[in-house]
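K.L.:
Before we start, here is the structure in question, set down as structure tokens.
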Amino acid sequence: MKITFELSDKDLRYFRQVLQKVRKGDNAANEEIILREAETLLADVRQAEAPEFVRNRIEQLHKLIEMLRDTEWRLEGSDRKRVLNALAYFADPDDLIPDRVPGLGYLDDAVMVELVVQDLRHEIEAFDAFVEFRLERKRAAALEPEALETRRESLQTRMRRRRRGDRERHMRQRGKSPVGLW
């Protein structure tokens with residue numbers, strides 16, 4: 001069975017407001033708390049008997065956590081802050097539906113992950129390309145630090161250019177960003 005639902009502009013505004021509130025909260029400034037709580041949520045959902053569609057979405061947090069923990073990727077500045085701001089929602093103990101509610105507790109988390117992943121798709125694509133490039137170089141036993149650094153810089157520049165292009169295109173078409181969580 002497939003169940004779909006559509007988020008209205010009002011719904012998206014609500015999720016933006018929740019994310020803005022979380023970003024101003026006590027835990028939002030502490031990167032280690034944010035990462036630890038996102039990892040805890042990921043582990044809890046893996047152990048829980050949450051619906052498959054919830055587990056599949058929450059599993060995407062792993063990529064965002066990896067992106068921040070990868071010392072060679074070195075996501076920095078506002079790019080790093082965007083991913084941390086997205087993960088901050090999962091460090092908030094007062095999210096929309098308490099996680100302890102059987103069957104539904106992780107639903108709001110799954111929706112937020114879906115929105116965040118859409119909004120961070122260029123960051124995710126660039127990171128995936130970097131990881132693949134690094135893996136290919138290691139397989140060839142020719143991992144040169146300069147080549148990896150050059151590729152990282154190139155992918156992060158492309159990521160920012162694509163994100164900016166998306167925003168400009170959506171501003172012309174609709175007057176707002178596609179998901180607009182920031």
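Residue numbering restarts at 1 for every chain of the structure tokens, chains are lettered A, B, ... in their displayed order, and ligands are numbered from 1 as they appear.
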Do a neighbour search on Ala110 of chain A at 8 Å with only C-alpha atoms, toss out local chain neighbours closer than 2 positions, and write the hits as a PyMOL selection string.

P.N.:
chain A and resi 54-55+57-58+106-108+112-114

K.L.:
Hey, which of A:Glu149, A:Glu123, A:Glu59, A:Glu76 ends up closest to Val45 of chain A? Count only C-alpha atoms.

P.N.:
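Nearest candidate to Val45 of chain A out of A:Glu149, A:Glu123, A:Glu59, A:Glu76: A:Glu59.
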
K.L.:
Compare A:Val117, A:Ala29, A:Val18, A:Met171 by their minimum atom-to-atom distance to Leu61 of chain A, counting only C-alpha atoms, and give me the closest one.

P.N.:
A:Val117

K.L.:
Tell me, in Å to one decimal, how far atom CA of Leu64 of chain A is from atom CA of Leu120 of chain A.

P.N.:
9.1 Å

K.L.:
Using only C-alpha atoms, can you tell me which of A:Lys10, A:Lys63, A:Arg46, A:Arg121 comes closest to Met159 of chain A?

P.N.:
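The closest residue to Met159 of chain A is A:Arg121.
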
K.L.:
When you look at segment 33-40 of chain A with a cut-off of 9 Å (counting only C-alpha atoms), what residues show up, excluding the ones that are within fewer than 3 positions of it in the same chain? I need them as a compact mmCIF listing (two decimals) with C-alpha atoms, in the first residue's frame.

P.N.:
# COMPACT_ATOMS: atom_id res chain seq x y z
CA ASN A 27 21.51 22.66 21.90
CA ALA A 28 21.73 24.38 18.51
CA ALA A 29 25.16 25.88 19.18
CA ASN A 30 26.78 22.65 20.32
CA ALA A 43 20.14 4.02 16.46
CA ASP A 44 16.74 4.17 18.21
CA VAL A 45 14.84 3.95 14.93
CA LEU A 61 20.56 11.05 8.65
CA HIS A 62 23.58 8.77 8.44
CA ILE A 65 26.33 12.87 9.98
CA LEU A 68 30.15 16.48 9.04
CA ARG A 69 32.43 13.83 10.56
CA LEU A 84 24.07 21.37 11.47
CA ASN A 85 20.94 23.52 11.46
CA LEU A 87 20.30 18.16 12.26
CA ALA A 88 19.48 20.45 15.21
CA TYR A 89 15.81 19.47 14.91
CA PHE A 90 16.73 15.95 15.95
CA ALA A 91 18.50 17.20 19.08
CA ASP A 92 15.31 18.91 20.28

K.L.:
Check segment 6-157 of chain A with DSSP on the backbone and list each residue it calls alpha helix (DSSP H), as number ranges by chain.

P.N.:
A: 9-23, 31-47, 52-58, 61-69, 77-88, 107-119, 121-139, 145-157

K.L.:
What is the distance, in Å and to one decimal place, between atom CA of Ser78 of chain A and atom CA of Gln156 of chain A?

P.N.:
11.8 Å

K.L.:
Any idea what the distance is between atom CA of Leu19 of chain A and atom CA of Ala86 of chain A?

P.N.:
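Atom CA of Leu19 of chain A sits 7.4 Å away from atom CA of Ala86 of chain A.
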
K.L.:
Determine the nearest neighbour of Asp11 of chain A from the options A:Thr150, A:Leu75, A:Arg160, A:Leu115, counting only C-alpha atoms.

P.N.:
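So, comparing all the options, the nearest one is A:Leu115.
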
K.L.:
Looking at only C-alpha atoms, which of A:Asn56, A:Ala147, A:Arg139, A:Arg152 is the one that sits closest to Arg74 of chain A?

P.N.:
A:Arg152
